[in-house]
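Undergrad: My questions all concern the structure below.
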Amino acid sequence: MSPDAVLYDVSDRDLIQVTAMPAEVEVNRHRASIERQIEGYGAFLGVPFLFTSYRNASRYMGVGPEEAMFILLRVDKGYSTSDVQQNLRQRLPEVDVLTRDEFARKSRTYWTIKTGAGGAILTAAVLGF
């Protein structure tokens with residue numbers, strides 16, 4: 001892929017308005033190229049997610065590396081996920097280092113308990129019943 005490449009989820013195709021790839025797009029006044037689509041990472045709030053390298057994300061968003069929200073790591077088959085997680089926790093004690101399952105559980109808890117979304121879904125279910 002090109003250095004400016006970004007990926008998007010196929011479920012967000014209409015929001016992004018991509019008809020053919022590669023597609024040249026603008027992300028916060030920076031040129032980017034959508035070269036591939038992925039599945040399983042669609043946004044549910046109406047704002048599509050774009051995936052790119054850490055360096056490009058910092059540039060597109062106009063933030064420095066110390067301002068990252070989430071960084072996704074892929075652990076090679078020769079390494080233990082729990083060992084890598086433990087090592088990162090020791091090296092970066094101020095950062096949450098979560099496995100996929102831990103992140104999913106934390107996200108579900110946030111959206112169902114700490115926002116109004118959970119209450120709205122519960123209210124709708126009760127009214128529907």
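If you're wondering about the labels, chains in the structure tokens are A, B, ... by order shown, residues count from 1 in each chain, ligands from 1 in order shown.
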Env of range 54-65 of chain A: 7 Å cut, atoms = only C-alpha atoms, seq-sep filter 5 positions within chain, self excluded. Answer as a ChimeraX atom specification.
TA: /A:4,27-28,30
Undergrad: With C-alpha atoms retained, write the just-selected residues as an mmCIF file, in the first residue's frame.
TA:
data_model
loop_
_atom_site.group_PDB
_atom_site.id
_atom_site.type_symbol
_atom_site.label_atom_id
_atom_site.label_comp_id
_atom_site.auth_asym_id
_atom_site.auth_seq_id
_atom_site.Cartn_x
_atom_site.Cartn_y
_atom_site.Cartn_z
ATOM 1 C CA ASP A 4 -0.765 7.714 2.553
ATOM 2 C CA VAL A 27 -8.716 13.896 5.709
ATOM 3 C CA ASN A 28 -8.475 17.164 7.668
ATOM 4 C CA HIS A 30 -4.392 16.146 4.047
#
Undergrad: What's the 12 Å shell around range 100-113 of chain A, counting only C-alpha atoms, without same-chain residues fewer than 4 positions away, as a list of chain:residue names?
TA: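 The contact residues come out as A:Phe44, A:Leu45, A:Phe70, A:Ile71, A:Leu72, A:Leu73, A:Arg74, A:Val75, A:Thr81, A:Ser82, A:Gln85, A:Asp96, A:Ala117, A:Gly118, A:Gly119, A:Ala120, A:Ile121, A:Leu122.
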Undergrad: I'd like the contact shell of range 11-24 of chain A - 7 Å cut-off, only C-alpha atoms, skipping same-chain residues fewer than 3 positions apart - returned as number ranges by chain.
TA: A: 32-35, 42, 48
Undergrad: Would you return as a PyMOL selection string the members of range 38-80 of chain A that DSSP assigns to helix (DSSP H, G or I) on this structure's backbone?
TA: chain A and resi 54-61+65-67
Undergrad: Using the chain letters and numbers from this document, which residues of chain A does DSSP assign to strand (DSSP E), as a list in words?
TA: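 Restricting chain A to strand (DSSP E) produces Ala5, Val6, Leu7, Tyr8, Asp9, Ala23, Glu24, Val25, Glu26, Val27, His30, Arg31, Ala32, Ser33, Ile34, Glu35, Arg36, Gln37, Ile38, Leu50 and Phe51 of chain A.
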Undergrad: Grab the residues selected above and save them as an mmCIF file, in the first residue's frame with N, CA and C atoms.
TA:
data_model
loop_
_atom_site.group_PDB
_atom_site.id
_atom_site.type_symbol
_atom_site.label_atom_id
_atom_site.label_comp_id
_atom_site.auth_asym_id
_atom_site.auth_seq_id
_atom_site.Cartn_x
_atom_site.Cartn_y
_atom_site.Cartn_z
ATOM 1 N N ALA A 5 -1.947 5.581 2.526
ATOM 2 C CA ALA A 5 -3.137 4.731 2.426
ATOM 3 C C ALA A 5 -3.940 4.693 3.720
ATOM 4 N N VAL A 6 -5.257 4.638 3.557
ATOM 5 C CA VAL A 6 -6.175 4.426 4.662
ATOM 6 C C VAL A 6 -7.127 3.299 4.259
ATOM 7 N N LEU A 7 -7.682 2.626 5.267
ATOM 8 C CA LEU A 7 -8.650 1.564 5.050
ATOM 9 C C LEU A 7 -9.962 1.987 5.686
ATOM 10 N N TYR A 8 -11.064 1.464 5.167
ATOM 11 C CA TYR A 8 -12.364 1.746 5.774
ATOM 12 C C TYR A 8 -13.174 0.463 5.800
ATOM 13 N N ASP A 9 -14.195 0.423 6.659
ATOM 14 C CA ASP A 9 -15.053 -0.748 6.741
ATOM 15 C C ASP A 9 -16.098 -0.689 5.639
ATOM 16 N N ALA A 23 -9.200 5.392 -4.217
ATOM 17 C CA ALA A 23 -9.923 6.659 -4.227
ATOM 18 C C ALA A 23 -9.109 7.695 -3.469
ATOM 19 N N GLU A 24 -8.947 8.836 -4.080
ATOM 20 C CA GLU A 24 -8.258 9.939 -3.420
ATOM 21 C C GLU A 24 -9.268 10.700 -2.564
ATOM 22 N N VAL A 25 -8.938 10.902 -1.301
ATOM 23 C CA VAL A 25 -9.815 11.610 -0.379
ATOM 24 C C VAL A 25 -9.009 12.640 0.394
ATOM 25 N N GLU A 26 -9.717 13.483 1.111
ATOM 26 C CA GLU A 26 -9.076 14.470 1.978
ATOM 27 C C GLU A 26 -9.474 14.179 3.418
ATOM 28 N N VAL A 27 -8.478 14.113 4.284
ATOM 29 C CA VAL A 27 -8.716 13.896 5.709
ATOM 30 C C VAL A 27 -8.097 15.078 6.440
ATOM 31 N N HIS A 30 -5.537 16.948 4.481
ATOM 32 C CA HIS A 30 -4.392 16.146 4.047
ATOM 33 C C HIS A 30 -4.874 15.133 3.018
ATOM 34 N N ARG A 31 -4.073 14.943 1.997
ATOM 35 C CA ARG A 31 -4.415 13.985 0.953
ATOM 36 C C ARG A 31 -4.202 12.564 1.460
ATOM 37 N N ALA A 32 -5.147 11.688 1.150
ATOM 38 C CA ALA A 32 -5.045 10.281 1.527
ATOM 39 C C ALA A 32 -5.601 9.441 0.388
ATOM 40 N N SER A 33 -5.214 8.187 0.383
ATOM 41 C CA SER A 33 -5.670 7.273 -0.649
ATOM 42 C C SER A 33 -6.337 6.071 0.009
ATOM 43 N N ILE A 34 -7.609 5.846 -0.327
ATOM 44 C CA ILE A 34 -8.290 4.655 0.156
ATOM 45 C C ILE A 34 -7.989 3.555 -0.850
ATOM 46 N N GLU A 35 -7.268 2.547 -0.396
ATOM 47 C CA GLU A 35 -6.828 1.496 -1.298
ATOM 48 C C GLU A 35 -7.490 0.148 -1.039
ATOM 49 N N ARG A 36 -8.047 -0.025 0.173
ATOM 50 C CA ARG A 36 -8.676 -1.302 0.512
ATOM 51 C C ARG A 36 -9.823 -1.071 1.468
ATOM 52 N N GLN A 37 -10.708 -2.052 1.519
ATOM 53 C CA GLN A 37 -11.768 -2.030 2.520
ATOM 54 C C GLN A 37 -11.634 -3.269 3.388
ATOM 55 N N ILE A 38 -12.128 -3.158 4.613
ATOM 56 C CA ILE A 38 -12.083 -4.257 5.559
ATOM 57 C C ILE A 38 -13.497 -4.510 6.061
ATOM 58 N N LEU A 50 -11.600 5.313 9.998
ATOM 59 C CA LEU A 50 -10.559 5.083 8.995
ATOM 60 C C LEU A 50 -9.366 4.481 9.718
ATOM 61 N N PHE A 51 -8.698 3.550 9.082
ATOM 62 C CA PHE A 51 -7.545 2.888 9.665
ATOM 63 C C PHE A 51 -6.327 3.206 8.822
#
Undergrad: So how many Å separate CA of Pro93 in chain A and CA of Glu66 in chain A, to one decimal?
TA: 14.6 Å
